[in-house]
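Visitor: Quick one: structure below, then a few questions.
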2 protein chains.
Amino acid sequence: MKNNIESILIIGLGMIGASLALASKSKVIKVFGYDSNDSTVELAKKENFIDDSFHSLEEINNKNLSDKIDLVIVCVPPKQTQEIFNNIHELWNTSITITDTSSVKNHLKVNDVDNIILSHPIAGSDRSGLSAADSELYIDKKNVICDPFNAKSSHLNRLVDFWEGAMQMRTSVMTVNDHDLIFAMTSHLPHLVSYALIDSIRLSSNDVEDNAGGGLKEFLRLSGSNSEMWSEIFTLNRVDLIKALAGLQISINNLLELITETKEIPDVFNHLEILNHELNEIKSFKEEKF
Amino acid sequence: MKNNIESILIIGLGMIGASLALASKSKVIKVFGYDSNDSTVELAKKENFIDDSFHSLEEINNKNLSDKIDLVIVCVPPKQTQEIFNNIHELWNTSITITDTSSVKNHLKVNDVDNIILSHPIAGSDRSGLSAADSELYIDKKNVICDPFNAKSSHLNRLVDFWEGAMQMRTSVMTVNDHDLIFAMTSHLPHLVSYALIDSIRLSSNDVEDNAGGGLKEFLRLSGSNSEMWSEIFTLNRVDLIKALAGLQISINNLLELITETKEIPDVFNHLEILNHELNEIKSFKEEKF
């Protein structure tokens with residue numbers, strides 16, 4: 001097993017996979033590609049996103065692949081990620097390092113496999129597909145690594161080297177439980193609320209016309225991402241999503257009680273002052289933390 | 001009364017007022033300024049944001065001002081806007097056109113005044129103060145005009161000309177009721193939810209570290225604006241804000257019922273497919289409308 005990555009196979013040539021392909025090629029890494037959609041593979045080859053291709057998962061599911069591939073990155077929606085892991089079982093416990101890019105992790109399970117490590121490169125976009133690929137999408141972004149199957153340290157080190165060295169990302173390791181709860185709070189819940197906010201405007205009888213400049217536009221990007229992927233993320237991470245939502249509701253209710261002047265407060269204060277104070281505290285927390 | 005605007009007085013030299021000052025000066029309009037903070041006025045004069053200044057509201061509250069000022073724009077938080085209107089009563093029913101920039105309108109009341117028209121230039125920023133001024137902040141943005149006091153048409157026409165001609169904005173006229181409900185939905189509720197989301201992270205025991213890339217960052221700008229202004233907006237527009245929140249809760253609950261598979265649906269469908277379909281419908285609505 002070589003320490004460095006000289007050739008990779010990307011399974012799933014959407015925006016995430018194709019961006020990884022471009023970034024890898026720019027680092028003189030040989031890129032193999034596979035996608036369940038044949039025409040995507042042809043286009044990726046024709047337009048030089050990838051150097052070479054596979055035409056089926058059966059062709060990939062072969063121990064001898066370790067002669068020519070160092071790293072397999074599975075870049076498909078969360079549920080399919082598990083299916084792909086299962087479908088490439090011949091590569092388990094070989095010298096190939098295997099990872100994924102799923103935004104939710106708790107459903108990914110394999111037993112007695114020492115070369116699968118989970119990755120979550122944090123690079124959101126409301127665009128999807130090969131044409132949205134960007135070779136610089138990952139530079140200086142964060143990548144969260146989870147190692148629930150206790151992979152060999154040689155695989156872990158090689159993977160961290162790839163994300164940090166070749167892809168120029170920052171990495172941190174956390175448990176699947178921490179990962180899924182933190183991303184429920186910072187990503188999944190914001191997306192859910194954004195979809196719901198746009199939905200509530202859709203269902204209302206008021207025509208908002210083109211008055212979307214004063215806050216709504218921040219929500220628009222989040223409600224325009226890949227629907228199949230987000231349906232899966234919300235469903236697979238529903239326990240943590242509901243925990244995060246419970247916290248949001250508490251905070252909304254606290255602000256509402258001040259706004260409606262129904263909160264019990266000492267007589268020497270007034271609700272508006274306390275509301276102003278709370279908003280300032282939130283603003284200070286934000287500025288300090290983010 | 002001249003048809004065109006040759007000189008304006010801006011009351012309140014924060015980000016909004018100072019940006020209007022810079023934009024007006026770039027159109028060779030003479031700009032007078034006033035701010036309750038003396039040092040802000042001095043700085044604005046020294047750094048050429050304004051051509052000339054007033055030193056008190058008493059000095060401004062003088063009928064003779066109509067000899068040298070065509071338009072007064074009140075650029076202060078919502079509650080103070082009403083106070084300023086009251087404090088410049090000598091300018092009521094003169095040839096001066098008076099307007100404001102408040103994001104909420106239902107609390108603004110005057111009787112038998114024919115030269116006050118309400119404006120809402122939609123240009124959000126999380127920055128505030130003179131130093132955040134931007135001469136191009138308003139170009140191509142929307143400005144919603146409300147005329148609850150039935151101003152003279154000469155004032156209304158002149159104001160529309162100023163916003164469209166000099167400030168290069170699009171304008172539309174709507175009632176105060178429509179304005180406040182639409183902006184509760186598109187601006188006030190998104191800001192409230194953003195403050196609450198950051199608050200819920202602040203109150204949780206989980207350290208989100210630097211994992212804010214996947215959705216949270218859209219909420220960060222909205223929770224960093226002027227706290228005094230937002231306390232007032234939330235409180236003054238609470239009836240419409242709660243209507244908007246009720247709509248959001250319905251949409252959140254509908255998605256949650258699909259996510260948790262507790263919604264009653266025909267046997268031939270599954271929850272994940274319907275969720276995916278709903279997210280796609282929301283996405284399509286967004287792409288069509290915004």
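Going through the structure tokens in order, the chains are called A, B, and so on, while each chain numbers its residues from 1 and the ligands are numbered from 1 in the order shown.
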Give me the least-squares superposed chain B (reference chain A; all C-alpha atoms paired in order) as an mmCIF file with C-alpha atoms, in the first residue's frame.
Guide:
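For reference, selection19.cif as written:
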```cif
data_model
loop_
_atom_site.group_PDB
_atom_site.id
_atom_site.type_symbol
_atom_site.label_atom_id
_atom_site.label_comp_id
_atom_site.auth_asym_id
_atom_site.auth_seq_id
_atom_site.Cartn_x
_atom_site.Cartn_y
_atom_site.Cartn_z
ATOM 1 C CA MET B 1 -0.036 0.006 -0.030
ATOM 2 C CA LYS B 2 1.412 3.334 -1.103
ATOM 3 C CA ASN B 3 1.286 6.224 1.335
ATOM 4 C CA ASN B 4 0.260 8.759 -1.238
ATOM 5 C CA ILE B 5 -2.728 8.808 -3.540
ATOM 6 C CA GLU B 6 -1.846 8.500 -7.223
ATOM 7 C CA SER B 7 -5.175 7.372 -8.611
ATOM 8 C CA ILE B 8 -8.765 7.608 -7.445
ATOM 9 C CA LEU B 9 -12.139 6.276 -8.499
ATOM 10 C CA ILE B 10 -15.104 8.592 -8.063
ATOM 11 C CA ILE B 11 -18.482 6.846 -7.941
ATOM 12 C CA GLY B 12 -21.216 9.361 -8.749
ATOM 13 C CA LEU B 13 -20.378 12.254 -11.070
ATOM 14 C CA GLY B 14 -22.743 14.923 -9.789
ATOM 15 C CA MET B 15 -21.578 18.361 -8.664
ATOM 16 C CA ILE B 16 -19.718 16.963 -5.638
ATOM 17 C CA GLY B 17 -18.014 14.090 -7.478
ATOM 18 C CA ALA B 18 -17.186 16.076 -10.604
ATOM 19 C CA SER B 19 -15.687 18.894 -8.522
ATOM 20 C CA LEU B 20 -13.476 16.334 -6.755
ATOM 21 C CA ALA B 21 -12.494 14.953 -10.167
ATOM 22 C CA LEU B 22 -11.424 18.381 -11.440
ATOM 23 C CA ALA B 23 -9.545 19.210 -8.230
ATOM 24 C CA SER B 24 -7.753 15.833 -8.295
ATOM 25 C CA LYS B 25 -6.758 16.150 -11.934
ATOM 26 C CA SER B 26 -5.307 19.585 -11.172
ATOM 27 C CA LYS B 27 -3.040 17.793 -8.648
ATOM 28 C CA VAL B 28 -1.947 15.252 -11.294
ATOM 29 C CA ILE B 29 -3.914 12.437 -9.671
ATOM 30 C CA LYS B 30 -5.309 9.949 -12.178
ATOM 31 C CA VAL B 31 -9.112 9.990 -11.983
ATOM 32 C CA PHE B 32 -11.380 7.057 -12.832
ATOM 33 C CA GLY B 33 -15.106 7.743 -12.853
ATOM 34 C CA TYR B 34 -18.366 5.836 -12.693
ATOM 35 C CA ASP B 35 -21.968 6.981 -12.706
ATOM 36 C CA SER B 36 -25.187 4.978 -12.938
ATOM 37 C CA ASN B 37 -26.113 7.263 -15.826
ATOM 38 C CA ASP B 38 -24.076 6.148 -18.885
ATOM 39 C CA SER B 39 -24.382 9.476 -20.666
ATOM 40 C CA THR B 40 -22.924 11.301 -17.640
ATOM 41 C CA VAL B 41 -19.867 9.021 -17.803
ATOM 42 C CA GLU B 42 -19.470 9.637 -21.528
ATOM 43 C CA LEU B 43 -19.759 13.403 -21.075
ATOM 44 C CA ALA B 44 -17.303 13.372 -18.148
ATOM 45 C CA LYS B 45 -14.768 11.536 -20.300
ATOM 46 C CA LYS B 46 -15.355 13.658 -23.373
ATOM 47 C CA GLU B 47 -14.977 16.888 -21.405
ATOM 48 C CA ASN B 48 -11.907 15.651 -19.504
ATOM 49 C CA PHE B 49 -13.418 15.578 -16.037
ATOM 50 C CA ILE B 50 -12.059 12.032 -15.738
ATOM 51 C CA ASP B 51 -9.201 10.112 -17.354
ATOM 52 C CA ASP B 52 -10.867 6.732 -17.529
ATOM 53 C CA SER B 53 -14.147 5.096 -16.605
ATOM 54 C CA PHE B 54 -15.951 1.991 -15.379
ATOM 55 C CA HIS B 55 -19.248 0.878 -16.834
ATOM 56 C CA SER B 56 -20.843 -1.049 -13.999
ATOM 57 C CA LEU B 57 -20.546 -1.636 -10.265
ATOM 58 C CA GLU B 58 -19.866 -5.305 -11.106
ATOM 59 C CA GLU B 59 -16.755 -4.233 -13.021
ATOM 60 C CA ILE B 60 -15.663 -2.179 -9.985
ATOM 61 C CA ASN B 61 -16.406 -4.948 -7.447
ATOM 62 C CA ASN B 62 -13.114 -6.760 -8.121
ATOM 63 C CA LYS B 63 -10.178 -7.259 -5.728
ATOM 64 C CA ASN B 64 -7.701 -6.666 -8.562
ATOM 65 C CA LEU B 65 -8.752 -3.043 -8.668
ATOM 66 C CA SER B 66 -6.231 -2.463 -5.882
ATOM 67 C CA ASP B 67 -3.509 -2.702 -8.540
ATOM 68 C CA LYS B 68 -4.612 0.546 -10.109
ATOM 69 C CA ILE B 69 -6.777 2.476 -7.623
ATOM 70 C CA ASP B 70 -5.650 3.932 -4.267
ATOM 71 C CA LEU B 71 -8.846 5.640 -3.149
ATOM 72 C CA VAL B 72 -12.561 5.204 -3.909
ATOM 73 C CA ILE B 73 -14.817 8.165 -3.103
ATOM 74 C CA VAL B 74 -18.543 7.470 -3.141
ATOM 75 C CA CYS B 75 -20.354 10.713 -4.103
ATOM 76 C CA VAL B 76 -24.045 9.768 -4.186
ATOM 77 C CA PRO B 77 -27.086 10.596 -1.983
ATOM 78 C CA PRO B 78 -27.057 9.120 1.565
ATOM 79 C CA LYS B 79 -29.162 5.987 0.999
ATOM 80 C CA GLN B 80 -27.319 5.007 -2.155
ATOM 81 C CA THR B 81 -24.029 5.424 -0.298
ATOM 82 C CA GLN B 82 -24.856 2.346 1.817
ATOM 83 C CA GLU B 83 -25.943 0.431 -1.309
ATOM 84 C CA ILE B 84 -22.661 1.248 -3.057
ATOM 85 C CA PHE B 85 -20.654 0.168 0.013
ATOM 86 C CA ASN B 86 -22.519 -3.165 -0.147
ATOM 87 C CA ASN B 87 -22.052 -3.484 -3.894
ATOM 88 C CA ILE B 88 -18.271 -3.083 -3.746
ATOM 89 C CA HIS B 89 -17.702 -5.653 -0.976
ATOM 90 C CA GLU B 90 -14.834 -7.238 -2.907
ATOM 91 C CA LEU B 91 -12.867 -4.047 -2.199
ATOM 92 C CA TRP B 92 -13.390 -4.360 1.569
ATOM 93 C CA ASN B 93 -10.208 -5.018 3.529
ATOM 94 C CA THR B 94 -7.968 -4.394 0.528
ATOM 95 C CA SER B 95 -5.238 -1.779 0.135
ATOM 96 C CA ILE B 96 -7.783 0.598 -1.400
ATOM 97 C CA THR B 97 -9.057 3.324 0.938
ATOM 98 C CA ILE B 98 -12.821 3.816 0.635
ATOM 99 C CA THR B 99 -14.734 6.920 1.708
ATOM 100 C CA ASP B 100 -17.963 8.806 0.995
ATOM 101 C CA THR B 101 -19.360 12.359 1.005
ATOM 102 C CA SER B 102 -22.750 11.855 2.673
ATOM 103 C CA SER B 103 -24.129 14.661 4.875
ATOM 104 C CA VAL B 104 -25.658 12.146 7.294
ATOM 105 C CA LYS B 105 -23.814 9.150 8.690
ATOM 106 C CA ASN B 106 -25.841 7.170 11.272
ATOM 107 C CA HIS B 107 -27.353 4.808 8.669
ATOM 108 C CA LEU B 108 -23.979 3.747 7.227
ATOM 109 C CA LYS B 109 -23.046 0.323 8.584
ATOM 110 C CA VAL B 110 -20.477 -2.293 7.658
ATOM 111 C CA ASN B 111 -19.013 -5.078 9.788
ATOM 112 C CA ASP B 112 -15.379 -6.125 10.004
ATOM 113 C CA VAL B 113 -14.190 -3.734 7.335
ATOM 114 C CA ASP B 114 -10.866 -1.990 7.974
ATOM 115 C CA ASN B 115 -10.649 0.321 4.951
ATOM 116 C CA ILE B 116 -13.891 2.324 4.997
ATOM 117 C CA ILE B 117 -13.723 5.759 6.636
ATOM 118 C CA LEU B 118 -16.507 8.342 6.360
ATOM 119 C CA SER B 119 -15.916 11.891 5.092
ATOM 120 C CA HIS B 120 -18.136 14.939 4.898
ATOM 121 C CA PRO B 121 -16.650 17.703 2.799
ATOM 122 C CA ILE B 122 -18.674 20.787 3.718
ATOM 123 C CA ALA B 123 -19.272 22.621 0.492
ATOM 124 C CA GLY B 124 -22.868 23.429 -0.216
ATOM 125 C CA SER B 125 -24.304 24.626 -3.465
ATOM 126 C CA ASP B 126 -27.781 24.960 -4.847
ATOM 127 C CA ARG B 127 -26.500 23.720 -8.184
ATOM 128 C CA SER B 128 -26.175 20.102 -9.103
ATOM 129 C CA GLY B 129 -24.836 17.868 -11.844
ATOM 130 C CA LEU B 130 -21.619 17.648 -13.801
ATOM 131 C CA SER B 131 -22.042 21.106 -15.339
ATOM 132 C CA ALA B 132 -21.984 22.714 -11.880
ATOM 133 C CA ALA B 133 -18.550 21.262 -11.076
ATOM 134 C CA ASP B 134 -15.953 23.657 -9.673
ATOM 135 C CA SER B 135 -12.309 22.650 -9.281
ATOM 136 C CA GLU B 136 -11.918 25.113 -6.391
ATOM 137 C CA LEU B 137 -15.096 24.173 -4.512
ATOM 138 C CA TYR B 138 -13.209 22.518 -1.649
ATOM 139 C CA ILE B 139 -10.223 24.789 -1.147
ATOM 140 C CA ASP B 140 -10.023 26.044 2.459
ATOM 141 C CA LYS B 141 -13.302 24.327 3.352
ATOM 142 C CA LYS B 142 -13.866 21.976 6.277
ATOM 143 C CA ASN B 143 -14.036 18.191 6.007
ATOM 144 C CA VAL B 144 -15.395 16.182 8.929
ATOM 145 C CA ILE B 145 -14.083 12.638 9.181
ATOM 146 C CA CYS B 146 -15.828 9.850 11.108
ATOM 147 C CA ASP B 147 -14.210 6.495 11.745
ATOM 148 C CA PRO B 148 -17.014 4.308 13.163
ATOM 149 C CA PHE B 149 -15.535 1.041 11.807
ATOM 150 C CA ASN B 150 -12.051 1.536 13.298
ATOM 151 C CA ALA B 151 -10.168 1.572 10.038
ATOM 152 C CA LYS B 152 -6.461 0.807 9.869
ATOM 153 C CA SER B 153 -4.438 3.888 10.729
ATOM 154 C CA SER B 154 -2.619 3.670 7.385
ATOM 155 C CA HIS B 155 -5.965 4.225 5.612
ATOM 156 C CA LEU B 156 -6.958 7.012 7.969
ATOM 157 C CA ASN B 157 -3.632 8.813 7.568
ATOM 158 C CA ARG B 158 -3.729 8.482 3.807
ATOM 159 C CA LEU B 159 -7.286 9.845 3.652
ATOM 160 C CA VAL B 160 -6.439 12.829 5.866
ATOM 161 C CA ASP B 161 -3.398 13.494 3.669
ATOM 162 C CA PHE B 162 -5.591 13.444 0.573
ATOM 163 C CA TRP B 163 -8.167 15.904 1.943
ATOM 164 C CA GLU B 164 -5.576 18.220 3.509
ATOM 165 C CA GLY B 165 -2.714 17.917 1.034
ATOM 166 C CA ALA B 166 -4.324 17.389 -2.351
ATOM 167 C CA MET B 167 -7.732 18.983 -1.738
ATOM 168 C CA GLN B 168 -6.416 21.780 0.532
ATOM 169 C CA MET B 169 -9.148 21.237 3.137
ATOM 170 C CA ARG B 170 -9.133 21.478 6.926
ATOM 171 C CA THR B 171 -10.134 18.210 8.608
ATOM 172 C CA SER B 172 -11.414 17.239 12.023
ATOM 173 C CA VAL B 173 -12.417 13.845 13.349
ATOM 174 C CA MET B 174 -15.640 13.341 15.296
ATOM 175 C CA THR B 175 -18.018 10.536 16.212
ATOM 176 C CA VAL B 176 -21.022 9.782 14.016
ATOM 177 C CA ASN B 177 -23.319 10.840 16.880
ATOM 178 C CA ASP B 178 -21.638 14.219 17.231
ATOM 179 C CA HIS B 179 -21.509 14.681 13.459
ATOM 180 C CA ASP B 180 -25.182 14.009 12.913
ATOM 181 C CA LEU B 181 -26.372 16.220 15.791
ATOM 182 C CA ILE B 182 -24.075 19.131 14.914
ATOM 183 C CA PHE B 183 -25.079 19.017 11.257
ATOM 184 C CA ALA B 184 -28.742 18.700 12.214
ATOM 185 C CA MET B 185 -28.255 22.032 14.023
ATOM 186 C CA THR B 186 -26.053 23.856 11.515
ATOM 187 C CA SER B 187 -27.238 22.464 8.202
ATOM 188 C CA HIS B 188 -30.242 20.133 8.177
ATOM 189 C CA LEU B 189 -32.500 22.336 10.331
ATOM 190 C CA PRO B 190 -31.614 25.537 8.406
ATOM 191 C CA HIS B 191 -32.497 23.717 5.185
ATOM 192 C CA LEU B 192 -35.767 22.363 6.622
ATOM 193 C CA VAL B 193 -36.773 25.818 7.868
ATOM 194 C CA SER B 194 -35.886 27.358 4.524
ATOM 195 C CA TYR B 195 -38.006 24.866 2.598
ATOM 196 C CA ALA B 196 -40.853 25.458 5.071
ATOM 197 C CA LEU B 197 -40.546 29.243 4.847
ATOM 198 C CA ILE B 198 -40.763 29.225 1.051
ATOM 199 C CA ASP B 199 -43.620 26.702 1.314
ATOM 200 C CA SER B 200 -45.542 28.990 3.684
ATOM 201 C CA ILE B 201 -45.243 31.810 1.162
ATOM 202 C CA ARG B 202 -46.345 29.439 -1.599
ATOM 203 C CA LEU B 203 -49.437 28.430 0.392
ATOM 204 C CA SER B 204 -50.387 31.963 1.452
ATOM 205 C CA SER B 205 -52.773 34.082 -0.532
ATOM 206 C CA ASN B 206 -50.402 37.036 -0.492
ATOM 207 C CA ASP B 207 -48.432 37.794 -3.582
ATOM 208 C CA VAL B 208 -44.976 38.687 -2.344
ATOM 209 C CA GLU B 209 -44.110 39.898 -5.844
ATOM 210 C CA ASP B 210 -40.469 40.916 -6.047
ATOM 211 C CA ASN B 211 -40.157 41.959 -2.395
ATOM 212 C CA ALA B 212 -37.645 39.288 -1.508
ATOM 213 C CA GLY B 213 -34.674 41.454 -0.759
ATOM 214 C CA GLY B 214 -34.929 41.973 2.952
ATOM 215 C CA GLY B 215 -34.065 38.568 4.376
ATOM 216 C CA LEU B 216 -35.841 36.022 2.221
ATOM 217 C CA LYS B 217 -33.020 35.773 -0.262
ATOM 218 C CA GLU B 218 -30.778 34.083 2.311
ATOM 219 C CA PHE B 219 -33.390 31.326 2.513
ATOM 220 C CA LEU B 220 -33.742 30.933 -1.233
ATOM 221 C CA ARG B 221 -30.423 29.199 -1.864
ATOM 222 C CA LEU B 222 -31.115 26.634 0.833
ATOM 223 C CA SER B 223 -34.492 25.663 -0.563
ATOM 224 C CA GLY B 224 -33.160 25.052 -4.042
ATOM 225 C CA SER B 225 -30.827 22.135 -3.517
ATOM 226 C CA ASN B 226 -31.194 18.556 -4.689
ATOM 227 C CA SER B 227 -34.605 17.422 -3.390
ATOM 228 C CA GLU B 228 -33.829 13.697 -3.459
ATOM 229 C CA MET B 229 -30.748 14.213 -1.310
ATOM 230 C CA TRP B 230 -32.528 16.458 1.178
ATOM 231 C CA SER B 231 -35.537 14.121 1.518
ATOM 232 C CA GLU B 232 -33.092 11.405 2.487
ATOM 233 C CA ILE B 233 -31.070 13.595 4.857
ATOM 234 C CA PHE B 234 -34.181 14.825 6.695
ATOM 235 C CA THR B 235 -35.573 11.308 6.987
ATOM 236 C CA LEU B 236 -32.344 9.523 7.934
ATOM 237 C CA ASN B 237 -31.412 12.160 10.513
ATOM 238 C CA ARG B 238 -34.890 12.798 11.848
ATOM 239 C CA VAL B 239 -34.109 12.104 15.496
ATOM 240 C CA ASP B 240 -31.362 14.734 15.638
ATOM 241 C CA LEU B 241 -33.329 17.056 13.361
ATOM 242 C CA ILE B 242 -36.245 17.016 15.818
ATOM 243 C CA LYS B 243 -33.849 17.627 18.738
ATOM 244 C CA ALA B 244 -32.492 20.649 16.878
ATOM 245 C CA LEU B 245 -36.014 21.830 16.042
ATOM 246 C CA ALA B 246 -37.037 21.543 19.700
ATOM 247 C CA GLY B 247 -34.174 23.869 20.576
ATOM 248 C CA LEU B 248 -35.200 26.316 17.858
ATOM 249 C CA GLN B 249 -38.808 26.325 19.089
ATOM 250 C CA ILE B 250 -37.668 27.173 22.630
ATOM 251 C CA SER B 251 -35.683 30.120 21.296
ATOM 252 C CA ILE B 252 -38.531 31.293 19.051
ATOM 253 C CA ASN B 253 -40.942 31.093 21.987
ATOM 254 C CA ASN B 254 -38.623 33.022 24.277
ATOM 255 C CA LEU B 255 -38.354 35.847 21.714
ATOM 256 C CA LEU B 256 -42.122 35.699 21.080
ATOM 257 C CA GLU B 257 -42.873 36.107 24.782
ATOM 258 C CA LEU B 258 -40.777 39.271 24.805
ATOM 259 C CA ILE B 259 -42.282 40.508 21.533
ATOM 260 C CA THR B 260 -45.832 39.980 22.778
ATOM 261 C CA GLU B 261 -44.940 41.250 26.265
ATOM 262 C CA THR B 262 -46.251 38.081 27.897
ATOM 263 C CA LYS B 263 -42.982 37.046 29.561
ATOM 264 C CA GLU B 264 -42.826 37.527 33.314
ATOM 265 C CA ILE B 265 -40.041 40.013 33.946
ATOM 266 C CA PRO B 266 -39.123 42.246 36.902
ATOM 267 C CA ASP B 267 -41.066 45.523 36.974
ATOM 268 C CA VAL B 268 -37.919 47.617 36.631
ATOM 269 C CA PHE B 269 -37.345 46.326 33.097
ATOM 270 C CA ASN B 270 -39.457 46.542 29.975
ATOM 271 C CA HIS B 271 -39.878 43.849 27.331
ATOM 272 C CA LEU B 272 -38.446 45.905 24.485
ATOM 273 C CA GLU B 273 -35.207 46.544 26.384
ATOM 274 C CA ILE B 274 -34.840 42.868 27.286
ATOM 275 C CA LEU B 275 -35.573 41.859 23.681
ATOM 276 C CA ASN B 276 -32.926 44.305 22.464
ATOM 277 C CA HIS B 277 -30.505 42.880 25.038
ATOM 278 C CA GLU B 278 -31.219 39.282 23.931
ATOM 279 C CA LEU B 279 -30.717 40.119 20.249
ATOM 280 C CA ASN B 280 -27.438 41.794 21.145
ATOM 281 C CA GLU B 281 -26.308 38.724 23.097
ATOM 282 C CA ILE B 282 -27.109 36.507 20.105
ATOM 283 C CA LYS B 283 -25.244 38.878 17.819
ATOM 284 C CA SER B 284 -22.210 38.873 20.126
ATOM 285 C CA PHE B 285 -22.215 35.068 20.330
ATOM 286 C CA LYS B 286 -22.346 34.929 16.541
ATOM 287 C CA GLU B 287 -19.488 37.376 16.093
ATOM 288 C CA GLU B 288 -17.347 35.540 18.629
ATOM 289 C CA LYS B 289 -18.027 32.021 17.348
ATOM 290 C CA PHE B 290 -18.398 32.292 13.582
#
```
Visitor: So which bits of stretch 50-164 of chain A end up strand (DSSP E or B) when you DSSP the backbone, as a count of residues only?
Guide: 20
Visitor: Apply DSSP to the structure's backbone, then extract all residues of stretch 22-105 of chain B labelled alpha helix (DSSP H) and return them as a PyMOL selection string.
Guide: chain B and resi 22-26+38-46+57-60+78-87
